[in-house]
Amino acid sequence: MKMNSKNFFLLVAIGFLSIACNSDDDEYTDVPIVFEKPSNFPEVMYDLNGYPLSKAGVELGKKLFYDGRLSSDGIISCGFCHIQDDAFTHHGHTFSHGVGEGIGTRNAPPVQNMAFQNNFMWDGATDDLNALSLIPISSPIEMDGNLNTIVAMLNSDAQYKSMFARAFPNKPIDTEHMLKALGQFMVTMVSSNSKFDKYRRNETGGNLTAVELEGYQLFNQKCASCHATDLFTDNTFRNNGLQPNPQIDDKGRFNVTQSETDKYKFKVPSMRNIEKTKPYMHDGRLFTLEAVLDHYASQVVDMPTLDPLLKQNGSTGIPLTAAEKTKIIAFLKTLTDEDFLTNPKFSEN
Amino acid sequence: MKLQLKRIFVVMSFAIAFTSCSSDDSNSETTGKLVVEFDNVYKAANFAFNTEYTNSNGEKVKVTTAKYIVSNIVLTKTDGTTFVYPKNDSYFIVDESNSESTELVLNNIPVADYKSIKFGIGVDQARWQQGVEAQANFWAEAQATEMEWGWTAGYKYVNLEGTFTTPSNATAAQFQAHTGRSAENYNYTEIALNFHEGENALVRGNNNPQIHIMADLSHILDGTNKINLSEGASIHGGVKMSLMTQNLSNMFTVDHVHND
């Protein structure tokens with residue numbers, strides 16, 4: 001009996017709290033988020049003035065990111081194929097499956113450091129981070145979502161109504177604001193606290209071993225012309241000499257530009273959290289980092305659009321000894337950012 | 001006599017009605033409505049779905065989908081000044097299968113005599129650069145009418161689909177002819193049309209002129225540039241798309257202007 005009345009008291013208290021909470025809604029003041037560029041990163045590409053970040057905006061974006069109701073079957077959310085533990089890739093999946101029987105033809109790329117990029121997807125199909133979400137949402141083999149259905153769902157959901165009102169006061173719940181919220185959340189997904197970052201910024205925990213340092217030097221000599229800056233991509237499209245898979249014949253950047261010179265070119269991916277994002281390459285054909293380096297060392301296929309950097313002095317590929325490969329891989333593992341992989345700010349609740 | 005009085009009364013009431021009407025016009029109505037009708041035709045015939053049309057290269061097409069984006073409407077007055085229809089309201093999807101969509105109703109047009117119209121086909125670079133702020137909800141509209149290019153978060157500017165046969169192959173095959181943005185090639189095109197001499201659109205508070213535009217869909221494939229579907233029946237980029245975009249410049253003509 002004593003227990004019961006205690007429970008009752010708790011319930012009443014919770015009841016009051018939630019009432020108080022609800023009435024707070026009208027007076028909620030959103031908190032702007034100041035985006036801080038890590039000192040070792042290149043410039044921000046995202047228009048932070050045009051699309052300022054706020055606490056409520058980012059929270060709403062995160063809820064949308066993990067909401068399967070954005071897809072036609074109510075299950076496939078963004079987070080379904082972009083899993084935090086795997087640096088927001090689809091661990092172990094060469095291709096990902098979407099709604100129904102749909103299976104894609106490309107390996108899900110990591111969602112990280114998006115604010116520092118000006119083109120997205122393996123072929124750069126869009127240059128607008130806010131618009132980006134339209135691609136997987138509307139793709140019949142990914143989420144197959146219908147925007148009008150989604151907007152109706154958002155407008156009939158009490159929690160969304162409250163969250164939208166907080167993030168975008170006096171604005172309609174529509175495609176524009178849904179995309180803006182998803183954009184805000186993705187902008188905050190910054191991975192910049194790996195051992196390598198700490199080394200670069202002379203912070204505690206940033207002592208690279210001799211092997212890792214040698215690997216870094218080798219990487220700079222042999223890889224960094226494409227995997228440039230501390231983001232490890234120069235944001236360009238290149239043909240890295242993978243034999244096209246005849247069953248798919250994915251022509252990459254050519255699909256966007258229809259220019260012969262862009263055939264079989266794909267975006268240079270970042271190396272960040274690479275240890276966690278297997279399988280590798282645009283089509284996930286290689287399962288280990290060793291296999292990736294073996295490709296560059298000895299399996300590069302010559303093609304008309306092969307990147308000139310992979311064909312120097314009449315021979316294809318990048319000369320790499322076994323010892324060099326080991327050192328480079330040791331270095332690449334310093335790019336794993338546990339903070340990013342476990343940060344509850346990015347986790348599904 | 002009685003009859004005459006009655007007549008006078010009738011005439012007078014008309015006069016009163018007319019006076020009150022025209023005084024409304026001059027005092028309060030500074031804007032009016034304008035309707036732009038897009039009437040799809042195929043060469044010399046009114047356009048119809050699933051009807052066989054023969055192109056000059058001998059290919060016979062039957063169209064099942066005919067849609068295009070009309071945007072950025074600008075009207076020129078007889079004094080040479082222009083009225084730019086508000087950009088945010090100036091994106092329309094004309095869909096042959098939905099007759100309502102073929103008549104663009106433009107509200108709040110300043111009262112004036114207009115002699116020409118300019119519009120775009122597709123989405124212009126400036127609009128793209130406005131980002132989701134400006135585009136997102138139009139994108140939802142485009143998705144609902146299958147005018148979105150989902151894979152690139154873009155739009156089909158022109159969407160012509162159907163089946164075709166060639167002189168050497170009588171088996172009907174599907175074709176899809178789309179134009180849209182291709183990376184830095186925006187493919188947006190503008191059409192400027194003068195109304196016939198002496199046939200201005202007189203926008204008044206009580207007069208809603210209608211501009212009747214003929215859109216000859218044959219120009220998409222069989223215009224200045226000839227597109228052979230036999231060489232590739234799925235066009236969504238490249239040289240062919242640029243050629244189709246060029247063809248659009250001759251696709252539209254002003255048939256007449258109604259002033260009711």
# chains A, B, ... in the order shown; residues from 1 in each chain; ligands from 1

call {"tool": "select_by_dssp", "arguments": {"residues": "segment 108-339 of chain A", "states": "alpha helix (DSSP H)", "output": "JSON, numbers by chain"}}
result
{"A": [129, 130, 131, 132, 134, 135, 136, 137, 138, 147, 148, 149, 150, 151, 152, 153, 154, 155, 158, 159, 160, 161, 162, 163, 164, 165, 166, 167, 175, 176, 177, 178, 179, 180, 181, 182, 183, 184, 185, 186, 187, 188, 195, 196, 197, 198, 199, 200, 210, 211, 212, 213, 214, 215, 216, 217, 218, 219, 220, 221, 222, 254, 255, 256, 257, 289, 290, 291, 292, 293, 294, 322, 323, 324, 325, 326, 327, 328, 329, 330, 331, 332, 338, 339]}

call {"tool": "interface_residues", "arguments": {"of": "chain B", "to": "chain A", "cutoff": "10 Å", "atoms": "only C-alpha atoms", "output": "ChimeraX atom specification"}}
result
/B:128-144,148-154,181-185,236-239,241

call {"tool": "write_last_selection", "arguments": {"atoms": "C-alpha atoms", "output": "PDB file, in the first residue's frame"}}
result
ATOM      1  CA  TRP B 128      18.976  25.536 -58.199  1.00  0.00           C
ATOM      2  CA  GLN B 129      21.332  27.747 -56.249  1.00  0.00           C
ATOM      3  CA  GLN B 130      18.542  28.866 -53.957  1.00  0.00           C
ATOM      4  CA  GLY B 131      18.641  25.318 -52.627  1.00  0.00           C
ATOM      5  CA  VAL B 132      15.957  23.495 -50.694  1.00  0.00           C
ATOM      6  CA  GLU B 133      14.720  26.787 -49.297  1.00  0.00           C
ATOM      7  CA  ALA B 134      13.094  27.433 -52.637  1.00  0.00           C
ATOM      8  CA  GLN B 135      12.845  24.056 -54.273  1.00  0.00           C
ATOM      9  CA  ALA B 136      11.861  21.386 -51.811  1.00  0.00           C
ATOM     10  CA  ASN B 137       8.107  21.663 -52.069  1.00  0.00           C
ATOM     11  CA  PHE B 138       8.168  21.947 -55.838  1.00  0.00           C
ATOM     12  CA  TRP B 139      10.245  18.793 -55.748  1.00  0.00           C
ATOM     13  CA  ALA B 140       7.428  17.060 -53.837  1.00  0.00           C
ATOM     14  CA  GLU B 141       5.004  18.264 -56.515  1.00  0.00           C
ATOM     15  CA  ALA B 142       7.356  16.978 -59.174  1.00  0.00           C
ATOM     16  CA  GLN B 143       7.562  13.604 -57.472  1.00  0.00           C
ATOM     17  CA  ALA B 144       3.790  13.369 -57.414  1.00  0.00           C
ATOM     18  CA  GLU B 148      11.435  14.274 -60.370  1.00  0.00           C
ATOM     19  CA  TRP B 149      14.818  12.873 -61.218  1.00  0.00           C
ATOM     20  CA  GLY B 150      15.238  11.119 -57.909  1.00  0.00           C
ATOM     21  CA  TRP B 151      18.707   9.750 -58.504  1.00  0.00           C
ATOM     22  CA  THR B 152      20.128  13.246 -58.823  1.00  0.00           C
ATOM     23  CA  ALA B 153      17.685  15.120 -56.563  1.00  0.00           C
ATOM     24  CA  GLY B 154      16.656  16.907 -59.745  1.00  0.00           C
ATOM     25  CA  ARG B 181      20.150  19.253 -65.493  1.00  0.00           C
ATOM     26  CA  SER B 182      23.342  17.358 -66.203  1.00  0.00           C
ATOM     27  CA  ALA B 183      25.954  18.461 -63.642  1.00  0.00           C
ATOM     28  CA  GLU B 184      27.044  21.969 -64.654  1.00  0.00           C
ATOM     29  CA  ASN B 185      24.987  21.847 -67.832  1.00  0.00           C
ATOM     30  CA  HIS B 236      18.371  11.245 -70.217  1.00  0.00           C
ATOM     31  CA  GLY B 237      21.589  13.062 -70.877  1.00  0.00           C
ATOM     32  CA  GLY B 238      24.445  13.657 -73.247  1.00  0.00           C
ATOM     33  CA  VAL B 239      24.431  15.133 -76.715  1.00  0.00           C
ATOM     34  CA  MET B 241      19.532  15.734 -74.494  1.00  0.00           C
TER      35      MET B 241
END

call {"tool": "closest_residue", "arguments": {"among": "A:Asp250, A:Asn207, A:Ala152, A:Gln84", "to": "Thr105 of chain A", "atoms": "only C-alpha atoms"}}
result
A:Asp250

call {"tool": "atom_distance", "arguments": {"atom1": "atom CA of Met45 of chain A", "atom2": "atom CA of Thr336 of chain A"}}
result
23.2 Å

call {"tool": "atom_distance", "arguments": {"atom1": "atom CA of Glu338 of chain A", "atom2": "atom CA of Ser192 of chain A"}}
result
10.0 Å

call {"tool": "residues_around", "arguments": {"residues": "Ala192 of chain B", "least_positions_apart": "2", "cutoff": "8 Å", "atoms": "only C-alpha atoms", "output": "list in words"}}
result
Ser116, Ile117, Lys118, Phe119, Glu190 and Asn194 of chain B

call {"tool": "atom_distance", "arguments": {"atom1": "atom CA of Ile220 of chain B", "atom2": "atom CA of Arg127 of chain B"}}
result
23.9 Å

call {"tool": "residues_around", "arguments": {"residues": "Ala322 of chain A", "least_positions_apart": "2", "cutoff": "12 Å", "atoms": "only C-alpha atoms", "output": "tab-separated table (two decimals) with N, CA and C atoms, in the first residue's frame"}}
result
chain	number	residue	atom	x	y	z
A	290	GLU	N	44.04	-4.81	-47.07
A	290	GLU	CA	45.15	-5.45	-47.79
A	290	GLU	C	44.77	-5.64	-49.26
A	291	ALA	N	43.54	-6.06	-49.49
A	291	ALA	CA	43.09	-6.28	-50.87
A	291	ALA	C	43.05	-4.95	-51.63
A	293	LEU	N	45.05	-2.35	-51.12
A	293	LEU	CA	46.42	-1.97	-51.48
A	293	LEU	C	46.99	-2.90	-52.54
A	294	ASP	N	46.59	-4.16	-52.49
A	294	ASP	CA	47.03	-5.09	-53.55
A	294	ASP	C	46.49	-4.61	-54.90
A	297	ALA	N	48.64	-1.80	-56.00
A	297	ALA	CA	50.01	-2.22	-56.30
A	297	ALA	C	50.10	-3.00	-57.60
A	298	SER	N	49.11	-3.86	-57.86
A	298	SER	CA	49.34	-4.78	-58.98
A	298	SER	C	48.12	-5.10	-59.82
A	319	PRO	N	53.64	1.55	-57.03
A	319	PRO	CA	54.58	0.56	-56.48
A	319	PRO	C	54.50	0.52	-54.96
A	320	LEU	N	54.26	-0.66	-54.41
A	320	LEU	CA	54.15	-0.81	-52.96
A	320	LEU	C	54.75	-2.16	-52.57
A	324	GLU	N	55.62	-1.88	-46.96
A	324	GLU	CA	54.97	-0.55	-47.10
A	324	GLU	C	53.47	-0.66	-46.90
A	325	LYS	N	52.90	-1.72	-47.46
A	325	LYS	CA	51.44	-1.91	-47.29
A	325	LYS	C	51.10	-2.03	-45.81
A	326	THR	N	51.89	-2.81	-45.09
A	326	THR	CA	51.62	-3.00	-43.65
A	326	THR	C	51.66	-1.67	-42.92
A	327	LYS	N	52.65	-0.85	-43.27
A	327	LYS	CA	52.79	0.44	-42.58
A	327	LYS	C	51.63	1.38	-42.93
A	328	ILE	N	51.25	1.37	-44.18
A	328	ILE	CA	50.14	2.25	-44.58
A	328	ILE	C	48.86	1.84	-43.86
A	329	ILE	N	48.64	0.55	-43.76
A	329	ILE	CA	47.43	0.07	-43.06
A	329	ILE	C	47.49	0.46	-41.58

call {"tool": "select_by_dssp", "arguments": {"residues": "segment 107-180 of chain B", "states": "strand (DSSP E or B)", "output": "ChimeraX atom specification"}}
result
/B:107-110,112-121,148-149,154-155,158-166,169-179

call {"tool": "closest_residue", "arguments": {"among": "A:Tyr28, A:Phe219, A:Tyr264, A:Phe88", "to": "Met186 of chain A", "atoms": "only C-alpha atoms"}}
result
A:Phe88

call {"tool": "closest_residue", "arguments": {"among": "B:Asn72, B:Asn88, B:Asn225, B:Ser234", "to": "Thr189 of chain B", "atoms": "only C-alpha atoms"}}
result
B:Asn72

call {"tool": "residues_around", "arguments": {"residues": "Lys265 of chain A", "least_positions_apart": "2", "cutoff": "7 Å", "atoms": "only C-alpha atoms", "output": "list in words"}}
result
Phe237, Arg238, Asn239, Lys251, Gly252, Arg253, Asp262, Lys263 and Lys267 of chain A

call {"tool": "closest_residue", "arguments": {"among": "A:Ile76, A:Val211, A:Ala323, A:Met281", "to": "Leu242 of chain A", "atoms": "only C-alpha atoms"}}
result
A:Met281
